[in-house]
Amino acid sequence: VPTYVIDGEAYFGRQHLPRVRWHLQGQVGALPDISYDTILEKRLVAS
């Protein structure tokens, strides 16, 4: 499981990448929610 530690907070898993990106970009805008995008969901949306 990928683990990211930023400002003393530990995030486990890819679903936290939007929040990790938000931290790295200077916390601009609203705090992102956890994301559980999957390949199947993306295929359904594209259909």
# chains A, B, ... in the order shown; residues from 1 in each chain; ligands from 1
>>> residues_around(residues="Leu31 of chain A", least_positions_apart="6", cutoff="12 Å", atoms="only C-alpha atoms", output="ChimeraX atom specification")
/A:16-23,25
>>> residues_around(residues="Gly13 of chain A", least_positions_apart="6", cutoff="9 Å", atoms="only C-alpha atoms", output="list in words")
Val1, Pro2, Thr3 and Tyr4 of chain A
>>> select_by_dssp(residues="segment 3-36 of chain A", states="helix (DSSP H, G or I)", output="ChimeraX atom specification")
/A:14-24
